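*Asks:* The structure file data-v5.txt (compact mmCIF, C-alpha atoms and all ligand atoms) is provided below.
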```txt
# COMPACT_ATOMS: atom_id res chain seq x y z
CA MET A 1 -36.03 -0.23 -5.45
CA THR A 2 -36.65 -3.95 -5.36
CA SER A 3 -39.35 -4.69 -7.95
CA VAL A 4 -41.80 -7.55 -8.21
CA THR A 5 -39.79 -8.68 -11.23
CA ASP A 6 -36.79 -8.96 -8.94
CA LEU A 7 -38.85 -11.00 -6.52
CA ILE A 8 -39.96 -13.47 -9.16
CA ALA A 9 -36.39 -13.83 -10.40
CA GLY A 10 -35.32 -14.48 -6.81
CA ASN A 11 -38.06 -17.05 -6.46
CA GLN A 12 -36.88 -18.90 -9.55
CA THR A 13 -33.45 -19.22 -7.99
CA PHE A 14 -35.05 -20.37 -4.74
CA VAL A 15 -37.12 -23.05 -6.48
CA SER A 16 -34.04 -24.46 -8.17
CA THR A 17 -31.75 -24.30 -5.13
CA HIS A 18 -33.47 -24.30 -1.73
CA PHE A 19 -37.09 -25.34 -2.15
CA ASP A 20 -38.03 -28.28 0.08
CA ASN A 21 -41.43 -29.89 -0.45
CA GLU A 22 -41.02 -32.02 2.67
CA LEU A 23 -41.64 -29.09 5.02
CA THR A 24 -44.74 -29.17 7.21
CA ILE A 25 -47.00 -26.51 8.70
CA ASN A 26 -45.50 -27.34 12.09
CA PRO A 27 -42.16 -25.56 12.63
CA ALA A 28 -39.38 -28.14 12.53
CA GLY A 29 -37.64 -26.47 15.47
CA ASP A 30 -40.76 -26.20 17.65
CA LEU A 31 -39.81 -22.55 17.67
CA MET A 32 -41.98 -19.48 17.57
CA VAL A 33 -40.44 -16.02 17.39
CA ILE A 34 -42.21 -12.71 17.95
CA GLY A 35 -40.06 -9.96 16.50
CA CYS A 36 -40.08 -6.46 15.05
CA VAL A 37 -40.86 -5.61 11.42
CA ASP A 38 -37.54 -3.75 11.23
CA PRO A 39 -35.78 -5.22 8.15
CA ARG A 40 -32.46 -5.35 10.03
CA VAL A 41 -33.90 -7.84 12.48
CA ASP A 42 -35.09 -10.79 10.42
CA PRO A 43 -35.16 -13.67 12.94
CA VAL A 44 -34.40 -16.28 10.29
CA LYS A 45 -31.25 -14.40 9.28
CA ILE A 46 -29.92 -13.27 12.65
CA PHE A 47 -30.38 -16.68 14.27
CA GLY A 48 -29.19 -18.59 11.22
CA LEU A 49 -32.42 -20.57 10.99
CA GLY A 50 -33.38 -22.88 8.21
CA GLN A 51 -36.53 -22.67 6.15
CA GLY A 52 -39.49 -24.10 8.06
CA GLU A 53 -37.61 -24.14 11.37
CA ALA A 54 -39.61 -21.38 13.07
CA ALA A 55 -43.00 -19.73 12.98
CA VAL A 56 -42.37 -15.99 12.99
CA ILE A 57 -44.79 -13.25 13.99
CA ARG A 58 -43.58 -9.72 13.32
CA ASN A 59 -45.15 -6.50 14.46
CA VAL A 60 -44.01 -3.02 15.50
CA GLY A 61 -41.45 -3.59 18.23
CA GLY A 62 -41.97 -7.35 18.43
CA ARG A 63 -44.41 -6.68 21.24
CA PHE A 64 -46.77 -9.05 23.00
CA THR A 65 -49.98 -7.15 22.27
CA PRO A 66 -53.63 -8.26 22.38
CA ALA A 67 -53.33 -8.84 18.62
CA THR A 68 -50.28 -11.05 19.18
CA GLN A 69 -52.17 -13.04 21.76
CA ALA A 70 -55.10 -13.42 19.37
CA THR A 71 -52.73 -14.64 16.67
CA LEU A 72 -51.25 -17.24 19.01
CA GLY A 73 -54.77 -18.36 19.89
CA LEU A 74 -55.57 -18.86 16.23
CA LEU A 75 -52.34 -20.76 15.66
CA GLY A 76 -53.28 -23.06 18.51
CA LYS A 77 -56.53 -23.83 16.72
CA VAL A 78 -54.68 -24.57 13.50
CA GLY A 79 -52.53 -27.05 15.43
CA GLN A 80 -55.64 -28.71 16.81
CA ALA A 81 -57.30 -28.83 13.39
CA ARG A 82 -54.21 -30.46 11.91
CA SER A 83 -54.14 -32.89 14.83
CA VAL A 84 -50.59 -32.03 15.73
CA PRO A 85 -50.24 -33.34 19.29
CA ARG A 86 -48.17 -31.10 21.56
CA ALA A 87 -46.65 -32.12 24.84
CA PRO A 88 -46.26 -29.54 27.65
CA HIS A 89 -43.35 -27.19 26.99
CA ASP A 90 -43.16 -28.33 23.43
CA TRP A 91 -42.88 -24.78 22.18
CA ASN A 92 -39.92 -22.52 22.47
CA LEU A 93 -41.31 -18.98 22.32
CA VAL A 94 -38.71 -16.25 21.80
CA LEU A 95 -39.58 -12.59 22.16
CA LEU A 96 -37.06 -10.60 20.15
CA HIS A 97 -36.60 -6.89 20.78
CA HIS A 98 -33.74 -4.77 19.46
CA THR A 99 -31.74 -1.58 19.90
CA ASP A 100 -32.55 1.50 17.81
CA CYS A 101 -36.15 0.31 17.49
CA GLY A 102 -38.71 2.64 15.93
CA MET A 103 -40.80 2.12 19.06
CA VAL A 104 -38.68 4.85 20.63
CA ASP A 105 -40.05 7.35 18.11
CA LEU A 106 -43.58 6.26 18.90
CA ALA A 107 -43.26 7.38 22.51
CA ALA A 108 -44.44 10.75 21.18
CA PHE A 109 -47.77 9.20 20.21
CA PRO A 110 -49.20 7.83 23.45
CA GLU A 111 -52.75 7.70 22.13
CA LEU A 112 -51.66 5.33 19.33
CA LEU A 113 -49.56 3.22 21.66
CA ALA A 114 -52.42 2.90 24.12
CA ILE A 115 -54.60 1.44 21.36
CA TYR A 116 -51.77 -0.82 20.18
CA PHE A 117 -51.19 -2.23 23.65
CA GLY A 118 -54.84 -2.15 24.72
CA VAL A 119 -54.00 -0.25 27.91
CA PRO A 120 -54.89 3.18 29.35
CA PRO A 121 -52.39 5.86 28.23
CA GLU A 122 -51.34 6.55 31.82
CA THR A 123 -49.97 3.01 32.15
CA LEU A 124 -47.74 3.25 29.05
CA PRO A 125 -44.53 3.81 31.04
CA ALA A 126 -44.84 0.17 32.18
CA LYS A 127 -44.40 -0.88 28.55
CA ALA A 128 -40.84 0.52 28.52
CA VAL A 129 -40.98 1.39 24.81
CA SER A 130 -37.67 3.29 25.01
CA ASP A 131 -35.61 0.40 26.43
CA PRO A 132 -35.54 -2.97 24.65
CA TYR A 133 -33.77 -4.63 27.59
CA GLU A 134 -36.70 -3.72 29.84
CA SER A 135 -39.50 -4.06 27.30
CA VAL A 136 -38.56 -7.64 26.49
CA LYS A 137 -38.74 -8.56 30.19
CA VAL A 138 -42.16 -6.92 30.41
CA ASP A 139 -43.37 -8.95 27.46
CA VAL A 140 -41.94 -12.24 28.73
CA GLU A 141 -43.98 -11.76 31.90
CA LEU A 142 -47.08 -10.90 29.87
CA ALA A 143 -46.62 -13.95 27.66
CA LEU A 144 -46.18 -16.26 30.64
CA GLN A 145 -49.36 -14.90 32.21
CA ALA A 146 -51.37 -14.95 28.99
CA LEU A 147 -50.25 -18.38 27.85
CA GLY A 148 -50.26 -19.98 31.26
CA GLY A 149 -46.72 -21.10 30.53
CA ASP A 150 -47.93 -24.66 30.29
CA ARG A 151 -46.98 -25.25 26.71
CA PHE A 152 -44.20 -22.75 26.28
CA PHE A 153 -40.67 -22.02 27.30
CA VAL A 154 -40.54 -18.25 26.99
CA SER A 155 -37.32 -16.31 26.44
CA GLY A 156 -36.57 -12.63 25.94
CA VAL A 157 -33.73 -11.78 23.57
CA VAL A 158 -32.32 -8.38 22.58
CA TYR A 159 -30.51 -7.90 19.28
CA ASP A 160 -28.01 -5.09 18.97
CA VAL A 161 -28.23 -3.59 15.47
CA ALA A 162 -24.78 -2.02 15.92
CA THR A 163 -22.94 -5.29 16.54
CA GLY A 164 -25.26 -8.01 15.23
CA ILE A 165 -25.09 -9.72 18.61
CA ALA A 166 -28.19 -11.20 20.24
CA LYS A 167 -28.30 -11.72 24.00
CA VAL A 168 -30.76 -13.58 26.19
CA VAL A 169 -31.98 -11.19 28.88
CA SER A 170 -34.86 -13.25 30.26
CA GLY A 171 -35.60 -16.94 30.53
CA PRO A 172 -36.11 -19.45 29.19
CA SER A 173 -38.83 -19.76 31.78
CA THR A 174 -42.23 -21.30 32.31
CA ALA A 175 -45.08 -20.26 34.53
CA ARG A 176 -44.41 -23.27 36.75
CA ALA A 177 -40.71 -22.67 37.13
CA GLY A 178 -40.98 -18.92 37.39
CA ARG A 179 -43.54 -18.52 40.16
ZN ZN A 201 -38.07 -2.35 15.90
```
Just give me the structure of the file as structure tokens.
*Replies:*
Amino acid sequence: MTSVTDLIAGNQTFVSTHFDNELTINPAGDLMVIGCVDPRVDPVKIFGLGQGEAAVIRNVGGRFTPATQATLGLLGKVGQARSVPRAPHDWNLVLLHHTDCGMVDLAAFPELLAIYFGVPPETLPAKAVSDPYESVKVDVELALQALGGDRFFVSGVVYDVATGIAKVVSGPSTARAGR
């Protein structure tokens, strides 16, 4: 088991090797990733990102839920408060789903999923929880609709936990280009 003592020891190494006090609250790569909590699918690791390059939101399945949308809304307010001007399409939003996701096991709990997604249980099949290649397309569409697509390029990527390979299966697209 990794202990808190281990964490602090790891932090001491980090401070002396990788810490960068020049980083800002705004992701250096204008990149936002919504991914799954699954420890195999850490976006920073699998995409080879640097510290501070991306803002990462992780939830069960990496899904675009009402809570995800609320989080993005709050982040937008933070950007305004910090007076970080953003041009249209300044953000690259990547929705990251993956194979062997625990979402598949949750298909047996439709009442919980309905609450999670904020939809009636009878519409859950449209969420495609058993197929990451479909679910990521569903969420790209949702994100484009919810965000208006004005400020975001939205892409859907699926990571294969068996091979380590990530593939773009949707986008990058914007509301303007896509409809
Ligand atoms: Zn997962």
*Asks:* What separation in Å, quoted to one decimal, exists between atom CA of Arg82 of chain A and atom CA of Asp42 of chain A?
*Replies:*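 Separation of atom CA of Arg82 of chain A and atom CA of Asp42 of chain A: 27.5 Å.
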*Asks:* Collect all residues with atoms no farther than 10 Å from ligand ZN 201 (chain A), counting all atoms listed in the file, and output them as a ChimeraX atom specification.
*Replies:* /A:35-41,58-63,96-104,132,159,161
*Asks:* Please provide the set of residues having any atom within 8 Å of Phe64 of chain A, restricted to only C-alpha atoms, with same-chain residues fewer than 3 positions apart removed, written as a list of chain:residue names.
*Replies:* A:Ile34, A:Ala67, A:Thr68, A:Gln69, A:Asp139, A:Leu142, A:Ala143
*Asks:* Find the residues near Leu147 of chain A: any atom within 10 Å, counting only C-alpha atoms, skip ones fewer than 2 places away on the same chain, and give them as a VMD selection string.
*Replies:* chain A and resid 69 72 to 73 141 to 145 149 to 152 154 174 to 175
*Asks:* How many Å separate atom CA of Pro43 of chain A from atom CA of Leu93 of chain A?
*Replies:*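 These two atoms are separated by 12.4 Å.
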